[in-house]
>>> print(open('coords16.cif').read())   # mmCIF, C-alpha atoms
data_model
loop_
_atom_site.group_PDB
_atom_site.id
_atom_site.type_symbol
_atom_site.label_atom_id
_atom_site.label_comp_id
_atom_site.auth_asym_id
_atom_site.auth_seq_id
_atom_site.Cartn_x
_atom_site.Cartn_y
_atom_site.Cartn_z
ATOM 1 C CA MET A 1 103.833 177.490 35.169
ATOM 2 C CA LYS A 2 105.414 174.085 34.509
ATOM 3 C CA LYS A 3 102.275 172.903 32.692
ATOM 4 C CA HIS A 4 102.566 175.841 30.295
ATOM 5 C CA ARG A 5 106.198 174.923 29.482
ATOM 6 C CA VAL A 6 105.322 171.261 28.866
ATOM 7 C CA ARG A 7 102.527 172.235 26.482
ATOM 8 C CA SER A 8 104.711 174.642 24.531
ATOM 9 C CA LYS A 9 107.482 172.020 24.201
ATOM 10 C CA ALA A 10 104.916 169.552 22.890
ATOM 11 C CA ARG A 11 103.690 172.121 20.372
ATOM 12 C CA TYR A 12 107.240 172.731 19.151
ATOM 13 C CA ALA A 13 107.879 168.990 18.920
ATOM 14 C CA ALA A 14 104.739 168.549 16.804
ATOM 15 C CA ALA A 15 105.552 171.547 14.602
ATOM 16 C CA ILE A 16 109.102 170.463 13.705
ATOM 17 C CA PRO A 17 108.099 167.596 11.337
ATOM 18 C CA ALA A 18 105.537 169.836 9.641
ATOM 19 C CA ILE A 19 108.143 172.559 9.118
ATOM 20 C CA LEU A 20 110.583 170.009 7.679
ATOM 21 C CA VAL A 21 107.973 168.698 5.242
ATOM 22 C CA VAL A 22 107.126 172.238 4.087
ATOM 23 C CA ALA A 23 110.838 173.007 3.660
ATOM 24 C CA LEU A 24 111.390 169.827 1.636
ATOM 25 C CA VAL A 25 108.407 170.525 -0.638
ATOM 26 C CA ALA A 26 109.597 174.110 -1.158
ATOM 27 C CA PHE A 27 113.113 172.917 -1.975
ATOM 28 C CA LEU A 28 111.889 170.329 -4.477
ATOM 29 C CA THR A 29 109.487 172.683 -6.224
ATOM 30 C CA LEU A 30 111.684 175.772 -6.258
ATOM 31 C CA SER A 31 114.993 174.200 -7.243
ATOM 32 C CA PRO A 32 115.718 174.454 -10.980
ATOM 33 C CA PRO A 33 115.299 171.240 -13.009
ATOM 34 C CA GLN A 34 118.507 169.477 -13.961
ATOM 35 C CA ARG A 35 119.355 168.756 -17.576
ATOM 36 C CA VAL A 36 119.769 165.160 -18.574
ATOM 37 C CA GLU A 37 121.937 164.445 -21.575
ATOM 38 C CA VAL A 38 120.538 161.779 -23.894
ATOM 39 C CA SER A 39 122.990 160.248 -26.295
ATOM 40 C CA GLY A 40 120.396 158.490 -28.422
ATOM 41 C CA PRO A 41 119.394 154.850 -28.653
ATOM 42 C CA ARG A 42 121.831 152.298 -27.330
ATOM 43 C CA LYS A 43 122.218 148.718 -28.436
ATOM 44 C CA ALA A 44 120.956 146.150 -25.929
ATOM 45 C CA PRO A 45 123.428 143.494 -24.803
ATOM 46 C CA ASP A 46 123.090 140.190 -26.612
ATOM 47 C CA PHE A 47 121.394 137.282 -24.847
ATOM 48 C CA THR A 48 120.245 133.794 -25.782
ATOM 49 C CA LEU A 49 117.046 132.100 -24.632
ATOM 50 C CA GLU A 50 116.078 128.448 -24.855
ATOM 51 C CA ILE A 51 112.751 128.087 -26.653
ATOM 52 C CA LEU A 52 110.015 126.168 -24.867
ATOM 53 C CA ASP A 53 106.829 124.788 -26.320
ATOM 54 C CA VAL A 54 103.934 122.913 -24.707
ATOM 55 C CA ASP A 55 106.065 119.743 -24.480
ATOM 56 C CA GLY A 56 109.039 121.478 -22.845
ATOM 57 C CA LEU A 57 112.388 122.355 -24.407
ATOM 58 C CA ALA A 58 112.087 122.557 -28.169
ATOM 59 C CA GLY A 59 115.803 122.040 -28.740
ATOM 60 C CA ARG A 60 116.119 125.507 -30.262
ATOM 61 C CA SER A 61 117.374 128.832 -28.976
ATOM 62 C CA LEU A 62 116.905 132.475 -29.835
ATOM 63 C CA SER A 63 119.566 135.145 -29.525
ATOM 64 C CA LEU A 64 118.962 138.864 -29.695
ATOM 65 C CA SER A 65 121.719 139.276 -32.278
ATOM 66 C CA SER A 66 119.867 136.891 -34.640
ATOM 67 C CA LEU A 67 117.080 139.480 -34.975
ATOM 68 C CA ASN A 68 119.440 141.817 -36.875
ATOM 69 C CA GLY A 69 118.493 145.052 -35.110
ATOM 70 C CA ARG A 70 114.732 144.495 -35.328
ATOM 71 C CA PRO A 71 112.873 146.135 -32.413
ATOM 72 C CA VAL A 72 111.843 143.698 -29.673
ATOM 73 C CA LEU A 73 108.878 144.015 -27.334
ATOM 74 C CA MET A 74 109.621 141.735 -24.390
ATOM 75 C CA ASP A 75 106.587 141.032 -22.229
ATOM 76 C CA PHE A 76 106.819 139.211 -18.878
ATOM 77 C CA VAL A 77 103.600 137.411 -17.905
ATOM 78 C CA PHE A 78 102.713 135.699 -14.638
ATOM 79 C CA GLU A 79 99.514 133.714 -13.984
ATOM 80 C CA TRP A 80 98.846 135.501 -10.689
ATOM 81 C CA CYS A 81 99.360 139.016 -12.101
ATOM 82 C CA PRO A 82 96.122 140.884 -13.004
ATOM 83 C CA HIS A 83 98.112 143.602 -14.808
ATOM 84 C CA CYS A 84 99.759 140.946 -16.973
ATOM 85 C CA ASN A 85 96.354 139.594 -17.982
ATOM 86 C CA ASN A 86 95.200 143.113 -18.845
ATOM 87 C CA MET A 87 98.234 143.596 -21.094
ATOM 88 C CA ALA A 88 97.400 140.634 -23.373
ATOM 89 C CA PRO A 89 94.850 142.495 -25.546
ATOM 90 C CA ILE A 90 97.182 145.506 -25.774
ATOM 91 C CA VAL A 91 100.075 143.351 -26.957
ATOM 92 C CA GLU A 92 97.714 141.659 -29.439
ATOM 93 C CA ARG A 93 96.694 145.052 -30.875
ATOM 94 C CA LEU A 94 100.354 146.077 -31.152
ATOM 95 C CA HIS A 95 101.083 142.827 -32.973
ATOM 96 C CA GLN A 96 98.231 143.502 -35.393
ATOM 97 C CA LYS A 97 99.514 147.033 -35.981
ATOM 98 C CA PHE A 98 103.241 146.316 -36.380
ATOM 99 C CA GLY A 99 103.249 142.661 -37.477
ATOM 100 C CA ASP A 100 106.696 141.491 -38.555
ATOM 101 C CA LYS A 101 108.305 144.917 -38.068
ATOM 102 C CA VAL A 102 108.602 144.173 -34.330
ATOM 103 C CA PHE A 103 109.608 140.888 -32.711
ATOM 104 C CA PHE A 104 107.178 140.054 -29.899
ATOM 105 C CA LEU A 105 108.669 137.936 -27.130
ATOM 106 C CA THR A 106 106.556 136.771 -24.196
ATOM 107 C CA VAL A 107 108.254 135.287 -21.148
ATOM 108 C CA PHE A 108 105.895 133.253 -18.949
ATOM 109 C CA GLY A 109 106.519 132.846 -15.239
ATOM 110 C CA SER A 110 104.687 131.203 -12.396
#
>>> encode(input="coords16.cif", output="structure tokens")
Amino acid sequence: MKKHRVRSKARYAAAIPAILVVALVAFLTLSPPQRVEVSGPRKAPDFTLEILDVDGLAGRSLSLSSLNGRPVLMDFVFEWCPHCNNMAPIVERLHQKFGDKVFFLTVFGS
């Protein structure tokens, strides 16, 4: 009779996590979605970057406020990142499409 009790306790112990997962999934799918209020576009905080060229610091800087509200696409690229390398042709196509309407800023990392 003791063997039967040990087996049933083990079954209950194994069933508890499964029941909790089912309850969590039911709660997440059956609870009503919450409304999110969107107040519209917000202005990004100003920042200043030192401009680098192939020889190092170019002695110039760029601040976000100097772009006078022009949209900015900021792309972070790392040599070791395959996704970053895949993004290069996409950014190039966006540049061809939008040209000077959008400021394209690429930040290289290592």
>>> closest_residue(input="coords16.cif", among="A:Val25, A:Gly99, A:Leu105, A:Phe76", to="Leu62 in chain A", atoms="only C-alpha atoms")
A:Leu105
>>> resolve_selection(input="coords16.cif", expression="the PyMOL selection byres ((chain A and resi 50) around 7)", output="list of chain:residue names")
A:Thr48, A:Leu49, A:Ile51, A:Leu52, A:Arg60, A:Ser61, A:Leu62
>>> closest_residue(input="coords16.cif", among="A:Pro32, A:Gly59, A:Val21, A:Trp80", to="Phe108 in chain A", atoms="all atoms listed in the file")
A:Trp80
>>> closest_residue(input="coords16.cif", among="A:Ala26, A:Val91, A:Met74, A:Cys81", to="Thr106 in chain A", atoms="only C-alpha atoms")
A:Met74
>>> atom_distance(input="coords16.cif", atom1="CA of Leu94 in chain A", atom2="CA of Val38 in chain A")
26.6 Å
>>> closest_residue(input="coords16.cif", among="A:Asn86, A:Glu79, A:Leu24, A:His95", to="Gly109 in chain A", atoms="all atoms listed in the file")
A:Glu79
>>> residues_near_point(input="coords16.cif", point="(117.5, 141.9, -37.0)", cutoff="12 Å", atoms="only C-alpha atoms", output="MDAnalysis selection string")
chainID A and resid 43 46 62:72 100:103
>>> atom_distance(input="coords16.cif", atom1="CA of Asp75 in chain A", atom2="CA of Ala58 in chain A")
20.2 Å
>>> atom_distance(input="coords16.cif", atom1="CA of Asn85 in chain A", atom2="CA of Asp55 in chain A")
23.0 Å
>>> axis_aligned_box(input="coords16.cif", around="range 93-103 of chain A", padding_each_side="8 Å", output="JSON")
{"center_x": 103.2, "center_y": 144.0, "center_z": -34.7, "size_x": 28.9, "size_y": 22.1, "size_z": 23.7}
